[in-house]
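Note: the block below is protein-v2.txt and it holds compact mmCIF, C-alpha atoms and all ligand atoms.
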```txt
# COMPACT_ATOMS: atom_id res chain seq x y z
CA MET A 256 -79.62 -17.82 -25.11
CA ALA A 257 -78.49 -20.79 -27.16
CA GLU A 258 -74.93 -20.13 -26.02
CA MET A 259 -76.02 -20.45 -22.41
CA LEU A 260 -77.83 -23.72 -22.95
CA TYR A 261 -75.07 -25.21 -25.08
CA PRO A 262 -71.83 -23.55 -23.98
CA MET A 263 -68.99 -23.35 -26.50
CA ILE A 264 -65.94 -25.33 -25.45
CA GLY A 265 -62.62 -24.78 -27.21
CA VAL A 266 -60.46 -27.87 -27.81
CA PRO A 267 -57.02 -27.57 -29.46
CA LYS A 268 -56.71 -29.55 -32.69
CA LEU A 269 -54.77 -32.78 -32.34
CA GLY A 270 -53.65 -33.17 -35.93
CA ASP A 271 -54.67 -34.28 -39.39
CA SER A 272 -54.06 -38.04 -39.35
CA LEU A 273 -57.00 -40.41 -39.19
CA LEU A 274 -55.86 -41.65 -35.76
CA ARG A 275 -55.68 -38.11 -34.36
CA GLN A 276 -59.09 -37.30 -35.82
CA TYR A 277 -60.44 -40.38 -34.04
CA PHE A 278 -58.88 -39.26 -30.74
CA GLN A 279 -60.31 -35.78 -31.28
CA TYR A 280 -63.76 -37.27 -31.85
CA GLN A 281 -63.66 -39.00 -28.44
CA TYR A 282 -63.43 -35.63 -26.65
CA THR A 283 -66.07 -34.07 -28.91
CA ARG A 284 -68.48 -36.97 -28.30
CA CYS A 285 -68.21 -36.73 -24.50
CA LEU A 286 -68.54 -32.93 -24.50
CA LYS A 287 -71.59 -32.99 -26.77
CA LYS A 288 -73.19 -35.73 -24.69
CA ALA A 289 -72.75 -33.40 -21.71
CA GLY A 290 -74.55 -30.62 -23.61
CA ALA A 291 -71.72 -28.57 -25.09
CA GLN A 292 -70.87 -27.16 -28.50
CA VAL A 293 -67.29 -27.79 -29.55
CA GLN A 294 -64.93 -25.48 -31.36
CA ILE A 295 -61.73 -27.16 -32.60
CA LEU A 296 -58.92 -24.64 -32.24
CA THR A 297 -56.25 -24.81 -34.93
CA PRO A 298 -52.82 -23.68 -33.71
CA SER A 299 -51.86 -20.54 -35.54
CA ALA A 300 -48.86 -18.25 -35.37
CA GLY A 301 -50.92 -15.13 -34.72
CA ALA A 302 -51.56 -14.02 -31.13
CA GLY A 303 -55.04 -13.11 -32.40
CA SER A 304 -56.09 -16.76 -32.44
CA VAL A 305 -55.66 -17.06 -28.66
CA GLU A 306 -57.53 -13.80 -28.08
CA HIS A 307 -60.33 -14.91 -30.39
CA ALA A 308 -60.65 -18.26 -28.62
CA LEU A 309 -60.77 -16.55 -25.22
CA LYS A 310 -63.56 -14.31 -26.49
CA THR A 311 -65.71 -17.00 -28.12
CA CYS A 312 -65.33 -19.98 -25.75
CA SER A 313 -66.79 -20.38 -22.27
CA GLY A 314 -64.22 -22.99 -21.28
CA PHE A 315 -61.37 -25.08 -22.63
CA LEU A 316 -60.48 -28.74 -22.74
CA PHE A 317 -56.77 -29.42 -23.14
CA PRO A 318 -56.36 -32.89 -24.67
CA GLY A 319 -53.71 -35.59 -24.86
CA GLY A 320 -50.82 -35.60 -27.28
CA PRO A 321 -47.05 -35.72 -27.65
CA ASP A 322 -44.50 -35.03 -24.91
CA ILE A 323 -44.01 -31.36 -24.12
CA GLN A 324 -40.69 -29.87 -25.19
CA PRO A 325 -38.53 -30.14 -21.99
CA GLN A 326 -36.92 -26.74 -22.63
CA LEU A 327 -40.29 -25.25 -21.67
CA TYR A 328 -39.76 -26.50 -18.12
CA GLY A 329 -36.04 -25.79 -17.98
CA GLN A 330 -34.63 -29.21 -18.95
CA LEU A 331 -32.84 -30.78 -21.89
CA ALA A 332 -34.50 -33.73 -23.62
CA GLU A 333 -33.48 -37.12 -22.24
CA SER A 334 -33.17 -40.10 -24.60
CA ARG A 335 -36.60 -41.53 -23.73
CA CYS A 336 -38.45 -38.23 -24.17
CA GLY A 337 -40.72 -38.28 -27.23
CA GLU A 338 -40.56 -35.92 -30.19
CA PRO A 339 -42.40 -32.70 -29.31
CA ASN A 340 -44.89 -30.78 -31.45
CA ARG A 341 -43.54 -27.25 -31.03
CA VAL A 342 -46.49 -25.61 -32.78
CA ARG A 343 -48.97 -27.21 -30.37
CA ASP A 344 -46.71 -26.48 -27.38
CA ALA A 345 -46.51 -22.75 -28.15
CA PHE A 346 -50.19 -22.36 -28.99
CA GLU A 347 -51.54 -24.40 -26.08
CA LEU A 348 -49.21 -22.77 -23.54
CA ALA A 349 -50.33 -19.29 -24.63
CA LEU A 350 -53.96 -20.41 -24.60
CA ILE A 351 -53.88 -22.02 -21.15
CA GLN A 352 -52.09 -18.99 -19.69
CA GLY A 353 -54.75 -16.70 -21.19
CA ALA A 354 -57.54 -18.98 -19.96
CA LEU A 355 -56.06 -19.11 -16.43
CA ALA A 356 -55.76 -15.31 -16.36
CA ALA A 357 -59.40 -15.03 -17.49
CA GLY A 358 -60.59 -17.55 -14.87
CA LYS A 359 -62.22 -19.81 -17.51
CA PRO A 360 -63.29 -23.34 -16.54
CA LEU A 361 -60.61 -25.85 -17.58
CA PHE A 362 -60.56 -29.59 -18.13
CA CYS A 363 -57.01 -30.84 -18.71
CA ILE A 364 -56.46 -34.43 -19.81
CA CYS A 365 -53.13 -36.34 -19.91
CA ARG A 366 -50.79 -34.00 -21.83
CA GLY A 367 -53.28 -31.25 -20.86
CA MET A 368 -52.58 -31.89 -17.16
CA GLN A 369 -48.84 -31.80 -17.84
CA LEU A 370 -49.31 -28.56 -19.81
CA LEU A 371 -51.19 -27.01 -16.87
CA ASN A 372 -48.30 -27.95 -14.59
CA VAL A 373 -45.68 -26.50 -16.95
CA ALA A 374 -47.75 -23.32 -17.45
CA LEU A 375 -47.64 -22.78 -13.68
CA GLY A 376 -43.88 -23.36 -13.42
CA GLY A 377 -43.83 -27.09 -12.65
CA THR A 378 -41.65 -29.80 -14.18
CA LEU A 379 -42.18 -33.30 -15.59
CA THR A 380 -40.43 -36.64 -15.17
CA GLN A 381 -39.48 -37.36 -18.77
CA ASP A 382 -39.92 -41.12 -18.52
CA ILE A 383 -41.49 -43.04 -15.64
CA ARG A 384 -41.14 -46.58 -17.01
CA ALA A 385 -38.18 -47.52 -14.79
CA ARG A 386 -40.20 -46.58 -11.68
CA GLN A 387 -43.63 -47.95 -12.53
CA GLU A 388 -45.26 -51.02 -10.98
CA TYR A 389 -48.38 -50.83 -13.15
CA ASN A 390 -48.32 -50.38 -16.90
CA HIS A 391 -49.02 -46.65 -17.26
CA GLN A 392 -48.77 -46.81 -21.05
CA ASP A 393 -51.38 -49.50 -21.55
CA ILE A 394 -52.50 -48.41 -25.01
CA TRP A 395 -54.06 -51.77 -25.92
CA ASN A 396 -56.50 -51.40 -23.01
CA CYS A 397 -57.38 -47.78 -23.60
CA MET A 398 -61.08 -48.32 -22.80
CA SER A 399 -60.61 -50.19 -19.53
CA ALA A 400 -59.00 -49.61 -16.17
CA THR A 401 -55.33 -50.41 -15.69
CA HIS A 402 -54.44 -49.09 -12.25
CA PRO A 403 -56.05 -47.67 -9.11
CA VAL A 404 -55.86 -44.06 -7.95
CA GLU A 405 -56.46 -42.69 -4.49
CA ILE A 406 -58.50 -39.48 -4.37
CA ASP A 407 -58.24 -36.64 -1.82
CA PRO A 408 -61.61 -36.35 0.01
CA ASP A 409 -61.33 -32.53 -0.01
CA SER A 410 -61.16 -32.33 -3.80
CA LEU A 411 -63.63 -31.43 -6.51
CA LEU A 412 -62.75 -34.78 -8.11
CA TYR A 413 -63.94 -36.57 -4.97
CA ARG A 414 -67.22 -34.64 -5.01
CA ILE A 415 -67.83 -35.61 -8.64
CA PHE A 416 -66.84 -39.28 -8.25
CA ASP A 417 -68.27 -39.59 -4.74
CA ALA A 418 -65.46 -42.06 -4.01
CA ASP A 419 -61.94 -41.95 -2.63
CA VAL A 420 -60.63 -44.65 -4.95
CA ALA A 421 -61.12 -45.27 -8.65
CA THR A 422 -59.52 -47.46 -11.28
CA VAL A 423 -58.47 -45.69 -14.43
CA ASN A 424 -56.98 -46.30 -17.84
CA SER A 425 -53.46 -45.10 -18.47
CA MET A 426 -51.65 -43.95 -21.60
CA HIS A 427 -48.71 -41.89 -20.42
CA HIS A 428 -44.99 -42.44 -19.94
CA GLN A 429 -44.31 -39.06 -18.33
CA ALA A 430 -45.62 -37.66 -15.06
CA VAL A 431 -45.82 -34.41 -13.14
CA ASP A 432 -42.68 -34.05 -11.02
CA LYS A 433 -42.29 -30.68 -9.28
CA VAL A 434 -45.79 -29.29 -8.89
CA GLY A 435 -46.48 -25.81 -10.30
CA GLU A 436 -47.50 -22.72 -8.33
CA GLY A 437 -50.92 -23.06 -6.68
CA LEU A 438 -51.44 -26.66 -7.82
CA TRP A 439 -52.49 -29.42 -5.53
CA ILE A 440 -52.23 -33.17 -6.17
CA VAL A 441 -55.72 -34.61 -5.62
CA ALA A 442 -55.15 -38.17 -6.82
CA ASP A 443 -52.11 -40.39 -7.12
CA SER A 444 -51.17 -43.86 -8.34
CA PRO A 445 -49.81 -46.58 -6.01
CA GLU A 446 -46.26 -45.61 -7.06
CA GLY A 447 -46.98 -42.00 -6.07
CA PHE A 448 -47.29 -40.52 -9.57
CA PRO A 449 -49.67 -37.55 -9.60
CA GLU A 450 -52.85 -38.64 -11.42
CA ALA A 451 -55.01 -35.53 -10.87
CA LEU A 452 -54.40 -31.87 -10.04
CA GLU A 453 -56.53 -28.92 -9.02
CA VAL A 454 -55.70 -25.22 -8.78
CA GLU A 455 -56.14 -23.77 -5.30
CA GLY A 456 -58.77 -21.04 -5.18
CA TYR A 457 -59.52 -21.27 -8.92
CA PRO A 458 -63.18 -21.27 -10.04
CA PHE A 459 -63.09 -24.65 -11.86
CA CYS A 460 -60.17 -26.73 -13.04
CA LEU A 461 -60.08 -30.50 -13.36
CA ALA A 462 -56.83 -32.08 -14.49
CA VAL A 463 -56.43 -35.84 -14.83
CA GLN A 464 -53.56 -37.97 -16.09
CA TRP A 465 -55.87 -40.68 -17.40
CA HIS A 466 -58.25 -40.58 -20.39
CA PRO A 467 -61.90 -40.28 -19.30
CA GLU A 468 -62.92 -39.78 -22.96
CA PHE A 469 -62.08 -43.44 -23.64
CA MET A 470 -63.86 -44.78 -20.54
CA ALA A 471 -66.94 -42.55 -20.44
CA ALA A 472 -69.09 -44.78 -22.63
CA GLN A 473 -68.68 -47.71 -20.20
CA VAL A 474 -68.06 -45.97 -16.85
CA PRO A 475 -70.71 -43.38 -15.89
CA ALA A 476 -68.42 -41.70 -13.31
CA GLU A 477 -66.03 -40.71 -16.12
CA GLN A 478 -68.82 -39.04 -18.12
CA LYS A 479 -69.71 -37.12 -14.93
CA LEU A 480 -66.38 -35.29 -15.26
CA PHE A 481 -67.49 -33.93 -18.64
CA ARG A 482 -70.91 -33.07 -17.27
CA ALA A 483 -69.51 -31.19 -14.26
CA PHE A 484 -67.19 -29.24 -16.58
CA VAL A 485 -69.90 -28.35 -19.12
CA ASP A 486 -72.34 -27.42 -16.33
CA GLU A 487 -69.72 -24.99 -15.03
CA CYS A 488 -69.15 -23.52 -18.51
CA ARG A 489 -72.89 -22.98 -18.83
CA LYS A 490 -72.76 -20.51 -15.90
CA ILE A 491 -70.16 -18.31 -17.63
MN MN A 501 -51.42 -43.66 -14.98
```

Written form, structure tokens:
Amino acid sequence: MAEMLYPMIGVPKLGDSLLRQYFQYQYTRCLKKAGAQVQILTPSAGAGSVEHALKTCSGFLFPGGPDIQPQLYGQLAESRCGEPNRVRDAFELALIQGALAAGKPLFCICRGMQLLNVALGGTLTQDIRARQEYNHQDIWNCMSATHPVEIDPDSLLYRIFDADVATVNSMHHQAVDKVGEGLWIVADSPEGFPEALEVEGYPFCLAVQWHPEFMAAQVPAEQKLFRAFVDECRKI
């Protein structure tokens, strides 16, 4: 019964440094405020860790982090691509594929949205800085909005926000390029970078390029994303 009231959400571990622990805490705080329990999932070599997570968690939040290894979407690293974390890449790719196959509710944030795209056969633009008009890597304003996004009125995101425009923070230098199988761009930036994706016909999947965990304390609409996700996990 307790599991139903407070669903268990699995969140991959970001790392050991103090900064990464702080980033991890932001996700945990928003999920708990929305009524969830949080299980931090440590990447491990064994396939058993993915199976165990799929068995014990009602849903998964895929968080931000380093650039995904371009070989995983069929490209070689360009000079402006960041250093990948291969352990996280392998673990999170296996986990998201398992979660998609199991139909679990998903909330994919920043790198998580890019991971979802790669898992479904899409590709990334390795560096968008030459094409951006707004600063999409505005790390010094991580708690406040940097650029607008336009939201598709037929999307789940629109139903949660109850608005067809929003202004969001931005801490990315890569973007979804070719969209993966079954994915649908539901929000984009003025330059046309995909800022949110959904999976056609999937029970519940929110994927955003911005960081709602840093805005949720000040912007109620951003906390509503966590609430909608946790409410869905509660039904599992
Ligand atoms: Mn952005």

### Task
Name the residues in contact with stretch 476-479 of chain A at a cut-off of 12 Å, using all atoms listed in the file, excluding same-chain residues fewer than 3 positions from it; report them as a VMD selection string.
chain A and resid 281 to 282 284 to 290 398 to 400 411 to 418 420 to 424 461 463 465 to 473 482 to 486

### Message
Please compute the atom CA of A:Ile440-atom CA of A:Ile364 distance, one decimal, in Å.
### Response
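Atom CA of A:Ile440 sits 14.3 Å away from atom CA of A:Ile364.
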
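Closest approach to ligand MN 501 (chain A) from the set A:Asp322, A:Glu388, A:Asp407, A:Glu436 is made by A:Glu388, with distances taken over only C-alpha atoms and all ligand atoms.
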
### Query
For ligand MN 501 (chain A), which of A:Lys433, A:Arg366, A:Arg489, A:Lys268 is the closest residue, counting only C-alpha atoms and all ligand atoms?
A:Arg366

### Query
In Å, how far is it from atom CA of A:Ile394 to atom CA of A:Val474?
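Atom-to-atom, atom CA of A:Ile394 to atom CA of A:Val474, that is 17.7 Å.
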
### Spatial neighbours of A:Met263, max dist 7 Å, all atoms listed in the file, sep filter under 3 positions, as a ChimeraX atom specification
/A:258,291-294,312-313
